[in-house]
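Each remark here refers to the structure printed beneath this line.
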Amino acid sequence: MKTSGRAAKPEAAVARTPALRPIAFGRRASSGVRGSLLGPWKSLGPQDRGSTLPRLVGRNKKAPRTAPSAPQTSIRAGLGNDLHRLVAGRKLVLGGVRIPFEKGPAGHSDGDALAHAVCDALLGAAALGDIGRHFPNTSPRWRGASSLLFLQRVCKLLKDAGYAIANVDATVGLERPRLSPHIPRMQKKLALALGLNPSQISVKAKTGEGVDAVGRGEAVQADAVALIVKKSRVESQESKVKNSKH
């Protein structure tokens with residue numbers, strides 16, 4: 001009797017070979033399968049598992065993105081900058097102070113670059129726009145106006161928005177004349193317009209060292225940084241100071 005070239009597999013070996021079974025989902029699934037594969041499917045009821053599993057396993061859709069809400073910060077900072085050409089026949093006014101000189105800033109209002117920079121710093125800190133939005137140079141109302149009036153109105157805008165001014169730090173760039181003799185008056189004028197103490201206002205002066213428009217005496221430039229605080233925080237600090245005195 002002829003036999004095939006391959007040896008027959010012993011029956012005992014066949015019996016010992018485990019049958020391959022499909023993974024059982026649901027109650028029959030092992031804990032390892034449930035933890036690694038099913039994930040959130042475990043928490044669903046039996047009536048929902050049949051329709052939900054294909055969506056969990058087969059597709060991975062991204063949730064729609066939404067814009068994050070603005071954080072409720074109590075302290076905010078703003079930056080302001082202004083630049084004006086110097087022309088003959090105009091008054092040189094900085095920080096509300098008239099400074100004797102043969103040239104002055106070209107502008108729709110009095111061209112006070114220092115006051116304008118402070119306005120923009122305060123408006124920027126409160127996210128209320130800029131000086132051009134509130135005092136456009138196309139409006140006859142502001143022609144020749146004192147920029148200290150701008151500061152008063154900006155201060156009111158901040159109060160209406162619930163902010164108080166903590167301090168202002170500014171730097172004026174001007175080749176000549178020297179500004180140091182006029183800085184104390186600038187601080188007082190700015191503080192008065194904003195309802196602050198002069199110690200809350202810092203004004204510094206720099207020359208352009210002969211570089212660019214400022215250094216060549218063609219322009220005046222001002223930069224300012226302002227810090228504002230939510231009124232609730234200010235009132236809380238004032239209350240603590242009063243209580244500590246009693």
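Labels used: A, B, ... for chains in the order of the structure tokens, numbers from 1 for residues in each chain, and numbers from 1 for ligands as shown.
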Where in segment 40-235 of chain A does DSSP assign alpha helix (DSSP H), given as a compact mmCIF listing (two decimals) with N, CA and C atoms, in the first residue's frame?
# COMPACT_ATOMS: atom_id res chain seq x y z
N PRO A 46 -26.07 48.32 27.20
CA PRO A 46 -26.10 47.29 26.15
C PRO A 46 -26.85 47.74 24.91
N GLN A 47 -27.88 48.57 25.10
CA GLN A 47 -28.69 48.99 23.97
C GLN A 47 -27.95 49.97 23.07
N ASP A 48 -26.87 50.61 23.59
CA ASP A 48 -26.15 51.61 22.81
C ASP A 48 -24.87 51.09 22.20
N ARG A 49 -24.38 49.92 22.68
CA ARG A 49 -23.05 49.47 22.27
C ARG A 49 -22.98 49.09 20.80
N GLY A 50 -24.03 48.47 20.29
CA GLY A 50 -23.99 48.01 18.91
C GLY A 50 -23.81 49.14 17.92
N SER A 51 -24.49 50.26 18.14
CA SER A 51 -24.43 51.37 17.19
C SER A 51 -23.26 52.30 17.45
N THR A 52 -22.72 52.29 18.69
CA THR A 52 -21.67 53.25 19.04
C THR A 52 -20.28 52.72 18.75
N LEU A 53 -20.06 51.42 18.90
CA LEU A 53 -18.72 50.87 18.73
C LEU A 53 -18.09 51.17 17.38
N PRO A 54 -18.80 51.02 16.26
CA PRO A 54 -18.15 51.34 14.97
C PRO A 54 -17.67 52.78 14.90
N ARG A 55 -18.41 53.71 15.54
CA ARG A 55 -17.98 55.11 15.50
C ARG A 55 -16.74 55.32 16.34
N LEU A 56 -16.65 54.59 17.49
CA LEU A 56 -15.49 54.76 18.35
C LEU A 56 -14.23 54.14 17.75
N VAL A 57 -14.39 52.97 17.13
CA VAL A 57 -13.23 52.24 16.62
C VAL A 57 -12.88 52.65 15.20
N GLY A 58 -13.88 52.85 14.34
CA GLY A 58 -13.63 53.04 12.92
C GLY A 58 -13.28 54.45 12.54
N ALA A 113 3.43 114.91 21.26
CA ALA A 113 3.79 113.50 21.06
C ALA A 113 3.80 112.72 22.36
N LEU A 114 4.21 113.35 23.46
CA LEU A 114 4.26 112.68 24.75
C LEU A 114 2.85 112.31 25.22
N ALA A 115 1.94 113.25 25.17
CA ALA A 115 0.56 112.98 25.59
C ALA A 115 -0.09 111.93 24.69
N HIS A 116 0.22 111.98 23.40
CA HIS A 116 -0.36 111.01 22.47
C HIS A 116 0.14 109.59 22.76
N ALA A 117 1.42 109.46 23.06
CA ALA A 117 1.97 108.14 23.38
C ALA A 117 1.34 107.58 24.65
N VAL A 118 1.13 108.44 25.64
CA VAL A 118 0.50 108.00 26.90
C VAL A 118 -0.94 107.57 26.64
N CYS A 119 -1.66 108.33 25.80
CA CYS A 119 -3.03 107.96 25.43
C CYS A 119 -3.08 106.56 24.82
N ASP A 120 -2.19 106.31 23.88
CA ASP A 120 -2.18 105.01 23.20
C ASP A 120 -1.81 103.88 24.16
N ALA A 121 -0.89 104.14 25.08
CA ALA A 121 -0.51 103.12 26.05
C ALA A 121 -1.69 102.74 26.94
N LEU A 122 -2.44 103.73 27.40
CA LEU A 122 -3.59 103.47 28.27
C LEU A 122 -4.71 102.77 27.50
N LEU A 123 -4.99 103.25 26.30
CA LEU A 123 -6.04 102.62 25.49
C LEU A 123 -5.66 101.19 25.13
N GLY A 124 -4.39 100.98 24.81
CA GLY A 124 -3.94 99.64 24.46
C GLY A 124 -4.04 98.68 25.63
N ALA A 125 -3.72 99.15 26.83
CA ALA A 125 -3.79 98.29 28.01
C ALA A 125 -5.20 97.79 28.25
N ILE A 131 -5.58 106.22 19.67
CA ILE A 131 -5.94 107.64 19.70
C ILE A 131 -6.62 108.08 18.41
N GLY A 132 -6.23 107.48 17.27
CA GLY A 132 -6.86 107.84 16.01
C GLY A 132 -8.32 107.46 15.93
N ARG A 133 -8.69 106.41 16.63
CA ARG A 133 -10.08 105.97 16.65
C ARG A 133 -10.96 106.92 17.46
N HIS A 134 -10.43 107.40 18.58
CA HIS A 134 -11.23 108.25 19.46
C HIS A 134 -11.11 109.74 19.13
N SER A 147 -3.81 118.31 23.86
CA SER A 147 -3.79 116.86 24.03
C SER A 147 -4.04 116.44 25.48
N LEU A 148 -3.98 117.38 26.42
CA LEU A 148 -4.35 117.06 27.80
C LEU A 148 -5.85 116.73 27.87
N LEU A 149 -6.63 117.32 26.98
CA LEU A 149 -8.05 116.97 26.90
C LEU A 149 -8.21 115.52 26.47
N PHE A 150 -7.36 115.06 25.56
CA PHE A 150 -7.39 113.65 25.14
C PHE A 150 -7.15 112.74 26.35
N LEU A 151 -6.17 113.12 27.17
CA LEU A 151 -5.84 112.31 28.33
C LEU A 151 -7.01 112.23 29.31
N GLN A 152 -7.70 113.33 29.50
CA GLN A 152 -8.85 113.34 30.41
C GLN A 152 -9.95 112.42 29.91
N ARG A 153 -10.18 112.44 28.62
CA ARG A 153 -11.23 111.59 28.05
C ARG A 153 -10.83 110.12 28.08
N VAL A 154 -9.56 109.83 27.84
CA VAL A 154 -9.08 108.45 27.92
C VAL A 154 -9.20 107.93 29.35
N CYS A 155 -8.90 108.79 30.31
CA CYS A 155 -9.03 108.40 31.71
C CYS A 155 -10.47 108.02 32.04
N LYS A 156 -11.42 108.77 31.51
CA LYS A 156 -12.83 108.46 31.74
C LYS A 156 -13.22 107.14 31.08
N LEU A 157 -12.69 106.88 29.89
CA LEU A 157 -12.97 105.61 29.21
C LEU A 157 -12.49 104.42 30.06
N LEU A 158 -11.31 104.58 30.65
CA LEU A 158 -10.78 103.51 31.49
C LEU A 158 -11.63 103.31 32.74
N LYS A 159 -12.07 104.39 33.35
CA LYS A 159 -12.91 104.28 34.54
C LYS A 159 -14.24 103.60 34.21
N ASP A 160 -14.81 103.97 33.06
CA ASP A 160 -16.07 103.34 32.64
C ASP A 160 -15.89 101.84 32.38
N ILE A 183 10.95 118.60 32.71
CA ILE A 183 10.34 117.31 33.05
C ILE A 183 9.45 117.38 34.30
N PRO A 184 9.83 118.05 35.39
CA PRO A 184 8.94 118.10 36.56
C PRO A 184 7.56 118.69 36.24
N ARG A 185 7.54 119.72 35.39
CA ARG A 185 6.25 120.31 35.02
C ARG A 185 5.44 119.36 34.14
N MET A 186 6.14 118.64 33.26
CA MET A 186 5.44 117.64 32.43
C MET A 186 4.76 116.60 33.32
N GLN A 187 5.48 116.13 34.32
CA GLN A 187 4.92 115.12 35.20
C GLN A 187 3.67 115.64 35.92
N LYS A 188 3.73 116.85 36.39
CA LYS A 188 2.59 117.44 37.09
C LYS A 188 1.40 117.62 36.17
N LYS A 189 1.64 118.10 34.95
CA LYS A 189 0.55 118.31 33.99
C LYS A 189 -0.13 116.99 33.61
N LEU A 190 0.69 115.99 33.33
CA LEU A 190 0.13 114.69 32.96
C LEU A 190 -0.64 114.07 34.12
N ALA A 191 -0.08 114.19 35.33
CA ALA A 191 -0.74 113.63 36.51
C ALA A 191 -2.08 114.32 36.76
N LEU A 192 -2.12 115.62 36.59
CA LEU A 192 -3.36 116.37 36.80
C LEU A 192 -4.43 115.94 35.80
N ALA A 193 -4.05 115.77 34.56
CA ALA A 193 -5.01 115.37 33.52
C ALA A 193 -5.54 113.96 33.76
N LEU A 194 -4.74 113.09 34.36
CA LEU A 194 -5.14 111.70 34.58
C LEU A 194 -5.66 111.44 35.99
N ASP A 212 19.04 109.08 12.44
CA ASP A 212 17.64 109.08 12.00
C ASP A 212 17.02 110.48 12.11
N ALA A 213 15.68 110.53 11.94
CA ALA A 213 14.99 111.82 11.90
C ALA A 213 15.11 112.57 13.23
N VAL A 214 15.05 111.83 14.34
CA VAL A 214 15.18 112.49 15.65
C VAL A 214 16.58 113.08 15.80
N GLY A 215 17.59 112.30 15.47
CA GLY A 215 18.97 112.76 15.62
C GLY A 215 19.31 113.93 14.72
N LYS A 231 -10.55 97.80 39.13
CA LYS A 231 -10.92 98.58 40.30
C LYS A 231 -11.16 97.72 41.52
N SER A 232 -11.72 96.53 41.33
CA SER A 232 -11.99 95.66 42.47
C SER A 232 -10.71 95.33 43.21
N ARG A 233 -9.62 95.11 42.46
CA ARG A 233 -8.34 94.82 43.10
C ARG A 233 -7.80 96.04 43.82
N VAL A 234 -7.95 97.23 43.20
CA VAL A 234 -7.48 98.46 43.83
C VAL A 234 -8.24 98.71 45.12
N GLU A 235 -9.57 98.56 45.08
CA GLU A 235 -10.38 98.78 46.28
C GLU A 235 -10.02 97.81 47.37
Q: Grab the atom CA of Gly144 of chain A to atom CA of Asp110 of chain A distance for me, in Å with one decimal place.
A: 5.2 Å
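Minimum atom-to-atom distance to Asp169 of chain A, evaluated using only C-alpha atoms, belongs to A:Gln200 out of A:Ser139, A:Pro181, A:Lys230, A:Gln200.
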**Q.** From A:Ala145, A:Val97, A:Leu83, A:Ala161, residue lying nearest Val229 of chain A [only C-alpha atoms]
**A.** A:Ala161
